[in-house]
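Just upload.pdb here, PDB, C-alpha atoms:
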```
ATOM      1  CA  MET N  11     109.006  54.911  11.343
ATOM      2  CA  VAL N  12     106.494  56.178   8.837
ATOM      3  CA  GLU N  13     103.471  54.009   8.109
ATOM      4  CA  LEU N  14     100.915  53.756   5.378
ATOM      5  CA  THR N  15      97.801  51.538   5.469
ATOM      6  CA  ILE N  16      95.370  51.111   2.599
ATOM      7  CA  THR N  17      92.406  48.707   2.712
ATOM      8  CA  ARG N  18      90.268  47.767  -0.285
ATOM      9  CA  VAL N  19      87.576  45.190  -0.943
ATOM     10  CA  PHE N  20      87.794  43.429  -4.289
ATOM     11  CA  ASP N  21      84.832  41.690  -5.883
ATOM     12  CA  ALA N  22      86.735  38.455  -6.443
ATOM     13  CA  PRO N  23      87.488  35.312  -4.404
ATOM     14  CA  ARG N  24      90.670  35.370  -2.346
ATOM     15  CA  GLU N  25      92.434  32.702  -4.437
ATOM     16  CA  LEU N  26      91.996  34.857  -7.553
ATOM     17  CA  VAL N  27      93.327  37.984  -5.828
ATOM     18  CA  TRP N  28      96.312  36.020  -4.482
ATOM     19  CA  GLN N  29      97.086  34.796  -8.000
ATOM     20  CA  ALA N  30      96.897  38.345  -9.347
ATOM     21  CA  TRP N  31      99.610  39.318  -6.840
ATOM     22  CA  THR N  32     101.877  36.324  -7.324
ATOM     23  CA  ASP N  33     101.676  35.415 -11.030
ATOM     24  CA  PRO N  34     104.168  37.715 -12.842
ATOM     25  CA  VAL N  35     102.086  37.580 -16.034
ATOM     26  CA  GLN N  36      99.163  39.095 -14.114
ATOM     27  CA  VAL N  37     101.304  41.477 -12.067
ATOM     28  CA  ALA N  38     102.599  42.927 -15.351
ATOM     29  CA  GLN N  39      99.024  43.951 -16.163
ATOM     30  CA  TRP N  40      98.349  46.126 -13.142
ATOM     31  CA  TRP N  41     101.524  46.965 -11.172
ATOM     32  CA  GLY N  42     102.044  50.721 -11.019
ATOM     33  CA  PRO N  43      99.692  53.698 -11.231
ATOM     34  CA  ARG N  44      98.130  54.710 -14.564
ATOM     35  CA  GLY N  45     100.741  55.962 -17.027
ATOM     36  CA  ILE N  46     103.298  53.507 -15.657
ATOM     37  CA  SER N  47     103.909  49.992 -16.966
ATOM     38  CA  THR N  48     105.772  47.051 -15.500
ATOM     39  CA  PRO N  49     106.840  44.833 -18.427
ATOM     40  CA  LEU N  50     106.995  41.092 -17.750
ATOM     41  CA  ASP N  51     110.696  40.926 -18.648
ATOM     42  CA  LYS N  52     111.430  43.456 -15.907
ATOM     43  CA  ILE N  53     109.728  41.428 -13.184
ATOM     44  CA  GLN N  54     111.729  39.063 -11.026
ATOM     45  CA  MET N  55     109.600  37.367  -8.368
ATOM     46  CA  ASP N  56     111.192  34.492  -6.505
ATOM     47  CA  LEU N  57     108.306  33.711  -4.159
ATOM     48  CA  ARG N  58     110.016  32.269  -1.104
ATOM     49  CA  PRO N  59     111.574  33.809   1.997
ATOM     50  CA  GLY N  60     114.849  35.424   0.913
ATOM     51  CA  GLY N  61     113.832  35.304  -2.757
ATOM     52  CA  ALA N  62     114.235  38.384  -4.966
ATOM     53  CA  ALA N  63     111.371  40.845  -5.435
ATOM     54  CA  ASN N  64     112.627  43.123  -8.205
ATOM     55  CA  LEU N  65     110.156  45.050 -10.339
ATOM     56  CA  THR N  66     111.145  47.846 -12.677
ATOM     57  CA  MET N  67     108.427  50.260 -13.679
ATOM     58  CA  VAL N  68     108.602  52.201 -16.925
ATOM     59  CA  ASP N  69     107.058  55.621 -17.511
ATOM     60  CA  ASP N  70     104.833  55.201 -20.594
ATOM     61  CA  ALA N  71     105.414  58.794 -21.732
ATOM     62  CA  THR N  72     109.163  59.171 -21.259
ATOM     63  CA  GLY N  73     110.477  55.599 -21.104
ATOM     64  CA  GLU N  74     112.201  56.470 -17.851
ATOM     65  CA  GLU N  75     112.740  53.421 -15.642
ATOM     66  CA  TYR N  76     112.055  53.209 -11.920
ATOM     67  CA  PRO N  77     113.771  50.117 -10.574
ATOM     68  CA  ASN N  78     112.552  48.811  -7.229
ATOM     69  CA  THR N  79     114.357  46.018  -5.445
ATOM     70  CA  GLY N  80     113.751  43.918  -2.374
ATOM     71  CA  HIS N  81     113.283  40.381  -1.150
ATOM     72  CA  TYR N  82     110.416  38.314   0.220
ATOM     73  CA  LEU N  83     110.164  37.743   3.952
ATOM     74  CA  GLU N  84     106.945  35.681   4.121
ATOM     75  CA  VAL N  85     104.924  33.890   1.459
ATOM     76  CA  VAL N  86     101.775  32.306   2.961
ATOM     77  CA  PRO N  87      99.239  31.521   0.214
ATOM     78  CA  PRO N  88      96.574  32.790  -0.004
ATOM     79  CA  GLU N  89      96.790  34.927   3.167
ATOM     80  CA  ARG N  90      99.950  36.938   3.513
ATOM     81  CA  LEU N  91     102.732  38.314   1.374
ATOM     82  CA  VAL N  92     105.535  40.241   3.069
ATOM     83  CA  TRP N  93     108.611  41.716   1.469
ATOM     84  CA  HIS N  94     111.502  43.956   2.352
ATOM     85  CA  ASP N  95     111.618  47.020   0.145
ATOM     86  CA  ASP N  96     115.060  48.555  -0.435
ATOM     87  CA  GLY N  97     113.427  52.008  -0.740
ATOM     88  CA  PHE N  98     114.532  54.930  -2.863
ATOM     89  CA  ALA N  99     117.780  54.923  -4.856
ATOM     90  CA  ASP N 100     119.516  57.024  -2.179
ATOM     91  CA  GLY N 101     118.775  54.314   0.394
ATOM     92  CA  SER N 102     116.104  56.254   2.264
ATOM     93  CA  GLY N 103     112.667  54.782   2.812
ATOM     94  CA  ALA N 104     113.801  51.170   3.133
ATOM     95  CA  GLY N 105     111.187  49.129   4.942
ATOM     96  CA  THR N 106     108.625  46.370   4.918
ATOM     97  CA  VAL N 107     105.442  45.929   2.916
ATOM     98  CA  THR N 108     102.786  43.488   4.173
ATOM     99  CA  ILE N 109      99.842  42.467   2.007
ATOM    100  CA  THR N 110      97.018  40.696   3.834
ATOM    101  CA  PHE N 111      94.258  38.839   1.992
ATOM    102  CA  VAL N 112      91.066  38.237   3.990
ATOM    103  CA  ASP N 113      88.238  36.060   2.725
ATOM    104  CA  VAL N 114      84.906  37.949   2.945
ATOM    105  CA  GLY N 115      82.385  35.615   1.341
ATOM    106  CA  ASP N 116      83.011  35.789  -2.403
ATOM    107  CA  LYS N 117      84.910  39.051  -1.978
ATOM    108  CA  THR N 118      88.401  39.734  -0.677
ATOM    109  CA  GLU N 119      89.501  42.409   1.720
ATOM    110  CA  LEU N 120      93.059  43.394   0.954
ATOM    111  CA  THR N 121      95.256  45.485   3.195
ATOM    112  CA  VAL N 122      98.534  47.084   2.207
ATOM    113  CA  HIS N 123     100.645  48.028   5.201
ATOM    114  CA  ALA N 124     103.946  49.720   4.418
ATOM    115  CA  VAL N 125     106.475  50.826   7.008
ATOM    116  CA  ALA N 126     109.628  52.765   6.213
ATOM    117  CA  ASP N 127     112.554  53.893   8.294
ATOM    118  CA  PHE N 128     114.077  57.317   7.715
ATOM    119  CA  SER N 129     116.238  57.509  10.822
ATOM    120  CA  GLU N 130     119.516  57.393   8.847
ATOM    121  CA  THR N 131     118.398  60.189   6.527
ATOM    122  CA  VAL N 132     117.176  62.252   9.441
ATOM    123  CA  ARG N 133     120.475  61.806  11.260
ATOM    124  CA  ALA N 134     122.444  62.834   8.163
ATOM    125  CA  GLN N 135     120.233  65.887   7.699
ATOM    126  CA  ALA N 136     120.506  66.870  11.330
ATOM    127  CA  GLU N 137     124.261  67.144  10.761
ATOM    128  CA  ILE N 138     123.850  69.249   7.642
ATOM    129  CA  GLY N 139     121.240  71.437   9.316
ATOM    130  CA  TRP N 140     119.081  73.668   7.139
ATOM    131  CA  GLY N 141     118.601  71.545   4.028
ATOM    132  CA  SER N 142     117.083  72.016   0.610
ATOM    133  CA  SER N 143     114.349  69.474   1.218
ATOM    134  CA  PHE N 144     111.554  71.762   0.104
ATOM    135  CA  ASP N 145     113.209  71.792  -3.342
ATOM    136  CA  LYS N 146     113.227  67.997  -3.310
ATOM    137  CA  LEU N 147     109.548  67.885  -2.404
ATOM    138  CA  ALA N 148     108.657  70.411  -5.126
ATOM    139  CA  GLU N 149     110.599  68.307  -7.609
ATOM    140  CA  LEU N 150     108.734  65.170  -6.585
ATOM    141  CA  LEU N 151     105.337  66.812  -6.870
ATOM    142  CA  ALA N 152     106.197  68.173 -10.315
ATOM    143  CA  ARG N 153     107.280  64.755 -11.563
ATOM    144  CA  PRO N 154     104.798  63.197 -14.014
ATOM    145  CA  ARG N 155     103.388  59.937 -12.735
TER
ATOM    146  CA  MET E  13     110.922  52.066  17.515
ATOM    147  CA  PRO E  14     109.093  54.584  19.731
ATOM    148  CA  THR E  15     112.010  57.010  20.002
ATOM    149  CA  ASP E  16     112.476  57.209  16.249
ATOM    150  CA  GLN E  17     112.791  60.737  14.898
ATOM    151  CA  LEU E  18     109.997  60.299  12.391
ATOM    152  CA  SER E  19     107.524  59.096  15.005
ATOM    153  CA  ARG E  20     108.292  62.265  16.928
ATOM    154  CA  THR E  21     107.781  64.281  13.759
ATOM    155  CA  PHE E  22     104.307  62.886  13.235
ATOM    156  CA  ALA E  23     103.383  63.122  16.906
ATOM    157  CA  ALA E  24     104.440  66.762  16.820
ATOM    158  CA  LEU E  25     102.259  67.394  13.776
ATOM    159  CA  ALA E  26      99.191  65.843  15.403
ATOM    160  CA  ASP E  27      98.501  69.017  17.397
ATOM    161  CA  PRO E  28      96.637  71.902  15.668
ATOM    162  CA  THR E  29      98.423  74.621  17.667
ATOM    163  CA  ARG E  30     101.783  73.214  16.651
ATOM    164  CA  ARG E  31     100.686  73.070  13.019
ATOM    165  CA  ALA E  32      99.630  76.719  13.285
ATOM    166  CA  ILE E  33     103.027  77.595  14.772
ATOM    167  CA  LEU E  34     104.741  75.838  11.857
ATOM    168  CA  ALA E  35     102.540  77.703   9.382
ATOM    169  CA  ARG E  36     103.549  80.981  11.041
ATOM    170  CA  LEU E  37     107.251  80.018  10.889
ATOM    171  CA  ALA E  38     106.921  79.274   7.181
ATOM    172  CA  ASP E  39     106.713  83.077   6.791
ATOM    173  CA  GLY E  40     109.995  83.570   8.628
ATOM    174  CA  GLU E  41     111.603  83.192  12.028
ATOM    175  CA  ALA E  42     109.751  84.440  15.106
ATOM    176  CA  THR E  43     110.246  84.802  18.845
ATOM    177  CA  VAL E  44     108.082  83.122  21.479
ATOM    178  CA  ASN E  45     106.313  86.447  22.083
ATOM    179  CA  GLU E  46     105.503  86.848  18.409
ATOM    180  CA  LEU E  47     104.318  83.256  18.145
ATOM    181  CA  ALA E  48     102.081  83.546  21.210
ATOM    182  CA  GLU E  49     100.226  86.620  19.893
ATOM    183  CA  PRO E  50      97.524  84.901  17.790
ATOM    184  CA  PHE E  51      96.834  82.176  20.385
ATOM    185  CA  PRO E  52      94.767  82.358  23.581
ATOM    186  CA  ILE E  53      97.499  80.470  25.454
ATOM    187  CA  SER E  54     100.377  81.417  27.748
ATOM    188  CA  LEU E  55     103.985  82.023  26.727
ATOM    189  CA  GLN E  56     104.873  78.910  28.732
ATOM    190  CA  ALA E  57     102.450  76.838  26.647
ATOM    191  CA  VAL E  58     103.961  78.172  23.407
ATOM    192  CA  SER E  59     107.452  77.417  24.720
ATOM    193  CA  LYS E  60     106.346  73.865  25.466
ATOM    194  CA  HIS E  61     104.964  73.428  21.934
ATOM    195  CA  LEU E  62     108.206  74.819  20.510
ATOM    196  CA  LYS E  63     110.211  72.333  22.540
ATOM    197  CA  VAL E  64     108.180  69.443  21.069
ATOM    198  CA  LEU E  65     108.694  70.830  17.559
ATOM    199  CA  GLU E  66     112.402  71.264  18.239
ATOM    200  CA  GLU E  67     112.767  67.675  19.491
ATOM    201  CA  ALA E  68     110.923  66.482  16.390
ATOM    202  CA  GLY E  69     113.559  68.217  14.270
ATOM    203  CA  LEU E  70     110.957  70.506  12.694
ATOM    204  CA  VAL E  71     112.164  73.724  14.267
ATOM    205  CA  SER E  72     115.558  75.066  15.249
ATOM    206  CA  ARG E  73     116.201  77.866  17.712
ATOM    207  CA  SER E  74     119.048  80.325  17.830
ATOM    208  CA  ARG E  75     121.460  79.570  20.643
ATOM    209  CA  THR E  76     123.054  83.027  20.632
ATOM    210  CA  ALA E  77     120.346  85.683  20.272
ATOM    211  CA  GLN E  78     118.728  86.660  23.556
ATOM    212  CA  GLN E  79     115.184  86.196  22.220
ATOM    213  CA  ARG E  80     116.090  82.770  20.761
ATOM    214  CA  PRO E  81     113.935  83.118  17.624
ATOM    215  CA  ALA E  82     112.597  79.857  16.176
ATOM    216  CA  ARG E  83     112.744  78.896  12.518
ATOM    217  CA  LEU E  84     111.501  75.998  10.367
ATOM    218  CA  ARG E  85     113.709  73.030   9.663
ATOM    219  CA  PRO E  86     111.791  71.190   6.950
ATOM    220  CA  GLY E  87     114.188  68.263   6.391
ATOM    221  CA  PRO E  88     112.574  65.338   8.244
ATOM    222  CA  LEU E  89     109.082  66.452   7.325
ATOM    223  CA  ALA E  90     109.887  66.632   3.623
ATOM    224  CA  ASP E  91     111.471  63.162   3.549
ATOM    225  CA  ALA E  92     108.494  61.557   5.223
ATOM    226  CA  ALA E  93     106.154  63.496   2.942
ATOM    227  CA  ASP E  94     108.136  62.269  -0.090
ATOM    228  CA  TRP E  95     107.725  58.681   0.988
ATOM    229  CA  LEU E  96     104.041  58.977   1.882
ATOM    230  CA  THR E  97     103.217  60.815  -1.350
ATOM    231  CA  PHE E  98     105.074  58.319  -3.486
ATOM    232  CA  TYR E  99     103.799  55.133  -1.837
ATOM    233  CA  ARG E 100     100.218  56.292  -1.483
ATOM    234  CA  LYS E 101     100.122  57.314  -5.143
ATOM    235  CA  PHE E 102     101.781  54.058  -6.150
ATOM    236  CA  PHE E 103      99.504  51.720  -4.181
ATOM    237  CA  GLU E 104      96.223  53.609  -4.734
ATOM    238  CA  GLY E 105      96.964  53.728  -8.476
ATOM    239  CA  SER E 106      98.009  50.085  -8.641
ATOM    240  CA  LEU E 107      94.978  48.884  -6.687
ATOM    241  CA  ASP E 108      92.676  50.767  -9.076
ATOM    242  CA  ARG E 109      94.263  48.864 -11.939
ATOM    243  CA  LEU E 110      94.151  45.581  -9.996
ATOM    244  CA  ASP E 111      90.415  46.084  -9.511
ATOM    245  CA  GLU E 112      89.992  46.496 -13.273
ATOM    246  CA  HIS E 113      92.216  43.512 -13.945
ATOM    247  CA  LEU E 114      90.164  41.280 -11.629
ATOM    248  CA  ARG E 115      86.928  42.415 -13.289
ATOM    249  CA  ASN E 116      88.378  41.572 -16.705
ATOM    250  CA  ILE E 117      89.526  38.152 -15.538
ATOM    251  CA  ARG E 118      86.079  37.370 -14.150
ATOM    252  CA  LYS E 119      84.542  38.436 -17.456
ATOM    253  CA  GLY E 120      87.037  36.179 -19.250
ATOM    254  CA  LYS E 121      88.557  39.103 -21.108
ATOM    255  CA  SER E 122      92.050  38.948 -19.660
ATOM    256  CA  ARG E 123      94.870  39.098 -22.136
ATOM    257  CA  GLY E 124      97.190  37.525 -19.552
TER
END
```
Please lay out the structure from this file as structure tokens.
Amino acid sequence: MVELTITRVFDAPRELVWQAWTDPVQVAQWWGPRGISTPLDKIQMDLRPGGAANLTMVDDATGEEYPNTGHYLEVVPPERLVWHDDGFADGSGAGTVTITFVDVGDKTELTVHAVADFSETVRAQAEIGWGSSFDKLAELLARPR
Amino acid sequence: MPTDQLSRTFAALADPTRRAILARLADGEATVNELAEPFPISLQAVSKHLKVLEEAGLVSRSRTAQQRPARLRPGPLADAADWLTFYRKFFEGSLDRLDEHLRNIRKGKSRG
């Protein structure tokens, strides 16, 4: 398992932050790093356990699309949002993302906790042996964001 | 999943001596003797570090040559690095924009 945890405090009440994460119209305004857009018509959010969580990002410069699919595991307003992420197109990096919203007065502490499983990829690579993964990493780092 | 390969990879990378050994192997394969040279530790200690790196899938060792030179096996490391790089960039970048979005909403300037 590989894990990533990011915590931020937002100067907004929890209800507002929850809405920003769960209203597709708002999600379309901020989802993705700068230079990447997530148009409303490419967002499918069925906010219930088992419901689809499909968001396709579009590179503003090249128009290239980055589809990301998954499904919700837990929807507990305004505290917790958990979804299964299908990972990269080759199937690696599938895992779970948990967003926790904590009320801190009139601010909100938000934690992103992402966990991914690479055991299948690692097994496949162990069979191949010496791979060309450094090339893959170089390619990723050279990719415009 | 405590026995997962990737957990072992990261545990292996937590040690500075092992990171130094990996850095040395990035220049090419080396024997235990060669690897031990820059460190004030015994050959046995270097062998132990190499075993951890080998179990983590980061290093492979020749089964035939008498000196059993070790070499880098970057596969598992690169995949985990890919994922961490991508997701960190994605979430940090998105949260920056979310912060702006929330400020705009509170100022009543949201276009949404």
Let me have the centre and edge lengths of the axis-aligned box enclosing all listed atoms of stretch 59-78 of chain N with 6 Å padding on every side, in Å to one decimal, as JSON.
```
{"center_x": 109.8, "center_y": 46.5, "center_z": -9.9, "size_x": 22.0, "size_y": 37.4, "size_z": 35.7}
```
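Ranking N:Ile53, N:Met67, N:Ile109, N:Leu14 by their shortest atom-to-atom distance to N:Val125, with all atoms listed in the file included, puts N:Leu14 first.
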Item to complete: Could you expand the PyMOL selection byres ((chain N and resi 79) around 9) into the explicit residues it covers here, written as a PyMOL selection string?
Response: chain N and resi 62-66+77-78+80-81+94-97
Worksheet item: the PyMOL selection byres ((chain N and resi 117) around 10) on the file shown: which residues, as a PyMOL selection string?
Response: chain N and resi 19-24+26-27+112-116+118-120
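For the pair atom CA of N:Val86 and atom CA of N:Gln29, the separation is 12.2 Å.
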Fill in: Within 7 Å of N:Pro88 using all atoms listed in the file, minus same-chain residues under 5 positions, as JSON, numbers by chain
{"N": [24, 25, 28, 111]}
Worksheet item: For the point (107.0, 75.7, 21.6) in file coordinates, what residues are within 12 Å, counting all atoms listed in the file? Give the answer as an MDAnalysis selection string?
Response: chainID E and resid 24 27 29:34 37 42:48 53:68 70:73 80:83
Practice prompt. Could you list the residues chosen by the PyMOL selection byres ((chain E and resi 102) around 12) in this structure as a PyMOL selection string?
Written response: (chain N and resi 14+16+40-47+67+76+122+124+155) or (chain E and resi 95-101+103-109)
Completion of stretch 57-91 of chain E up to N, CA and C atoms, as a JSON list (two decimals), keeping the file's coordinate frame:
```json
[["chain", "number", "residue", "atom", "x", "y", "z"],
["E", 57, "ALA", "N", 103.05, 77.87, 27.50],
["E", 57, "ALA", "CA", 102.45, 76.84, 26.65],
["E", 57, "ALA", "C", 103.08, 76.86, 25.25],
["E", 58, "VAL", "N", 103.32, 78.07, 24.72],
["E", 58, "VAL", "CA", 103.96, 78.17, 23.41],
["E", 58, "VAL", "C", 105.38, 77.62, 23.47],
["E", 59, "SER", "N", 106.09, 77.94, 24.55],
["E", 59, "SER", "CA", 107.45, 77.42, 24.72],
["E", 59, "SER", "C", 107.46, 75.89, 24.72],
["E", 60, "LYS", "N", 106.45, 75.31, 25.38],
["E", 60, "LYS", "CA", 106.35, 73.86, 25.47],
["E", 60, "LYS", "C", 106.12, 73.26, 24.07],
["E", 61, "HIS", "N", 105.21, 73.90, 23.31],
["E", 61, "HIS", "CA", 104.96, 73.43, 21.93],
["E", 61, "HIS", "C", 106.25, 73.53, 21.11],
["E", 62, "LEU", "N", 106.97, 74.63, 21.27],
["E", 62, "LEU", "CA", 108.21, 74.82, 20.51],
["E", 62, "LEU", "C", 109.23, 73.74, 20.85],
["E", 63, "LYS", "N", 109.26, 73.36, 22.11],
["E", 63, "LYS", "CA", 110.21, 72.33, 22.54],
["E", 63, "LYS", "C", 109.90, 71.01, 21.84],
["E", 64, "VAL", "N", 108.59, 70.67, 21.76],
["E", 64, "VAL", "CA", 108.18, 69.44, 21.07],
["E", 64, "VAL", "C", 108.59, 69.50, 19.59],
["E", 65, "LEU", "N", 108.35, 70.66, 18.98],
["E", 65, "LEU", "CA", 108.69, 70.83, 17.56],
["E", 65, "LEU", "C", 110.20, 70.75, 17.35],
["E", 66, "GLU", "N", 110.95, 71.28, 18.33],
["E", 66, "GLU", "CA", 112.40, 71.26, 18.24],
["E", 66, "GLU", "C", 112.92, 69.83, 18.35],
["E", 67, "GLU", "N", 112.35, 69.07, 19.30],
["E", 67, "GLU", "CA", 112.77, 67.68, 19.49],
["E", 67, "GLU", "C", 112.40, 66.82, 18.29],
["E", 68, "ALA", "N", 111.35, 67.22, 17.59],
["E", 68, "ALA", "CA", 110.92, 66.48, 16.39],
["E", 68, "ALA", "C", 111.77, 66.86, 15.18],
["E", 69, "GLY", "N", 112.68, 67.81, 15.36],
["E", 69, "GLY", "CA", 113.56, 68.22, 14.27],
["E", 69, "GLY", "C", 112.88, 69.14, 13.28],
["E", 70, "LEU", "N", 111.70, 69.67, 13.64],
["E", 70, "LEU", "CA", 110.96, 70.51, 12.69],
["E", 70, "LEU", "C", 111.32, 71.98, 12.83],
["E", 71, "VAL", "N", 111.88, 72.32, 13.98],
["E", 71, "VAL", "CA", 112.16, 73.72, 14.27],
["E", 71, "VAL", "C", 113.55, 73.80, 14.90],
["E", 72, "SER", "N", 114.30, 74.85, 14.55],
["E", 72, "SER", "CA", 115.56, 75.07, 15.25],
["E", 72, "SER", "C", 115.49, 76.43, 15.91],
["E", 73, "ARG", "N", 116.23, 76.59, 17.01],
["E", 73, "ARG", "CA", 116.20, 77.87, 17.71],
["E", 73, "ARG", "C", 117.61, 78.39, 17.90],
["E", 74, "SER", "N", 117.74, 79.69, 17.71],
["E", 74, "SER", "CA", 119.05, 80.32, 17.83],
["E", 74, "SER", "C", 119.60, 80.12, 19.24],
["E", 75, "ARG", "N", 120.86, 79.78, 19.33],
["E", 75, "ARG", "CA", 121.46, 79.57, 20.64],
["E", 75, "ARG", "C", 122.10, 80.87, 21.16],
["E", 76, "THR", "N", 122.31, 81.83, 20.26],
["E", 76, "THR", "CA", 123.05, 83.03, 20.63],
["E", 76, "THR", "C", 122.15, 84.21, 20.95],
["E", 77, "ALA", "N", 121.18, 84.49, 20.06],
["E", 77, "ALA", "CA", 120.35, 85.68, 20.27],
["E", 77, "ALA", "C", 119.56, 85.56, 21.57],
["E", 78, "GLN", "N", 119.38, 86.67, 22.25],
["E", 78, "GLN", "CA", 118.73, 86.66, 23.56],
["E", 78, "GLN", "C", 117.28, 86.17, 23.46],
["E", 79, "GLN", "N", 116.59, 86.56, 22.39],
["E", 79, "GLN", "CA", 115.18, 86.20, 22.22],
["E", 79, "GLN", "C", 115.01, 84.76, 21.71],
["E", 80, "ARG", "N", 116.10, 84.14, 21.30],
["E", 80, "ARG", "CA", 116.09, 82.77, 20.76],
["E", 80, "ARG", "C", 114.98, 82.56, 19.73],
["E", 81, "PRO", "N", 114.99, 83.32, 18.62],
["E", 81, "PRO", "CA", 113.94, 83.12, 17.62],
["E", 81, "PRO", "C", 113.95, 81.70, 17.06],
["E", 82, "ALA", "N", 112.74, 81.21, 16.73],
["E", 82, "ALA", "CA", 112.60, 79.86, 16.18],
["E", 82, "ALA", "C", 112.44, 79.96, 14.67],
["E", 83, "ARG", "N", 112.94, 78.95, 13.97],
["E", 83, "ARG", "CA", 112.74, 78.90, 12.52],
["E", 83, "ARG", "C", 112.46, 77.47, 12.09],
["E", 84, "LEU", "N", 111.85, 77.32, 10.91],
["E", 84, "LEU", "CA", 111.50, 76.00, 10.37],
["E", 84, "LEU", "C", 112.74, 75.23, 9.96],
["E", 85, "ARG", "N", 112.68, 73.94, 10.19],
["E", 85, "ARG", "CA", 113.71, 73.03, 9.66],
["E", 85, "ARG", "C", 112.98, 71.93, 8.92],
["E", 86, "PRO", "N", 112.73, 72.09, 7.64],
["E", 86, "PRO", "CA", 111.79, 71.19, 6.95],
["E", 86, "PRO", "C", 112.32, 69.81, 6.61],
["E", 87, "GLY", "N", 113.59, 69.52, 6.84],
["E", 87, "GLY", "CA", 114.19, 68.26, 6.39],
["E", 87, "GLY", "C", 113.40, 67.00, 6.67],
["E", 88, "PRO", "N", 113.23, 66.61, 7.94],
["E", 88, "PRO", "CA", 112.57, 65.34, 8.24],
["E", 88, "PRO", "C", 111.15, 65.27, 7.72],
["E", 89, "LEU", "N", 110.45, 66.40, 7.79],
["E", 89, "LEU", "CA", 109.08, 66.45, 7.32],
["E", 89, "LEU", "C", 109.01, 66.16, 5.83],
["E", 90, "ALA", "N", 109.92, 66.79, 5.07],
["E", 90, "ALA", "CA", 109.89, 66.63, 3.62],
["E", 90, "ALA", "C", 110.19, 65.19, 3.21],
["E", 91, "ASP", "N", 111.13, 64.54, 3.90],
["E", 91, "ASP", "CA", 111.47, 63.16, 3.55],
["E", 91, "ASP", "C", 110.30, 62.23, 3.78]]
```
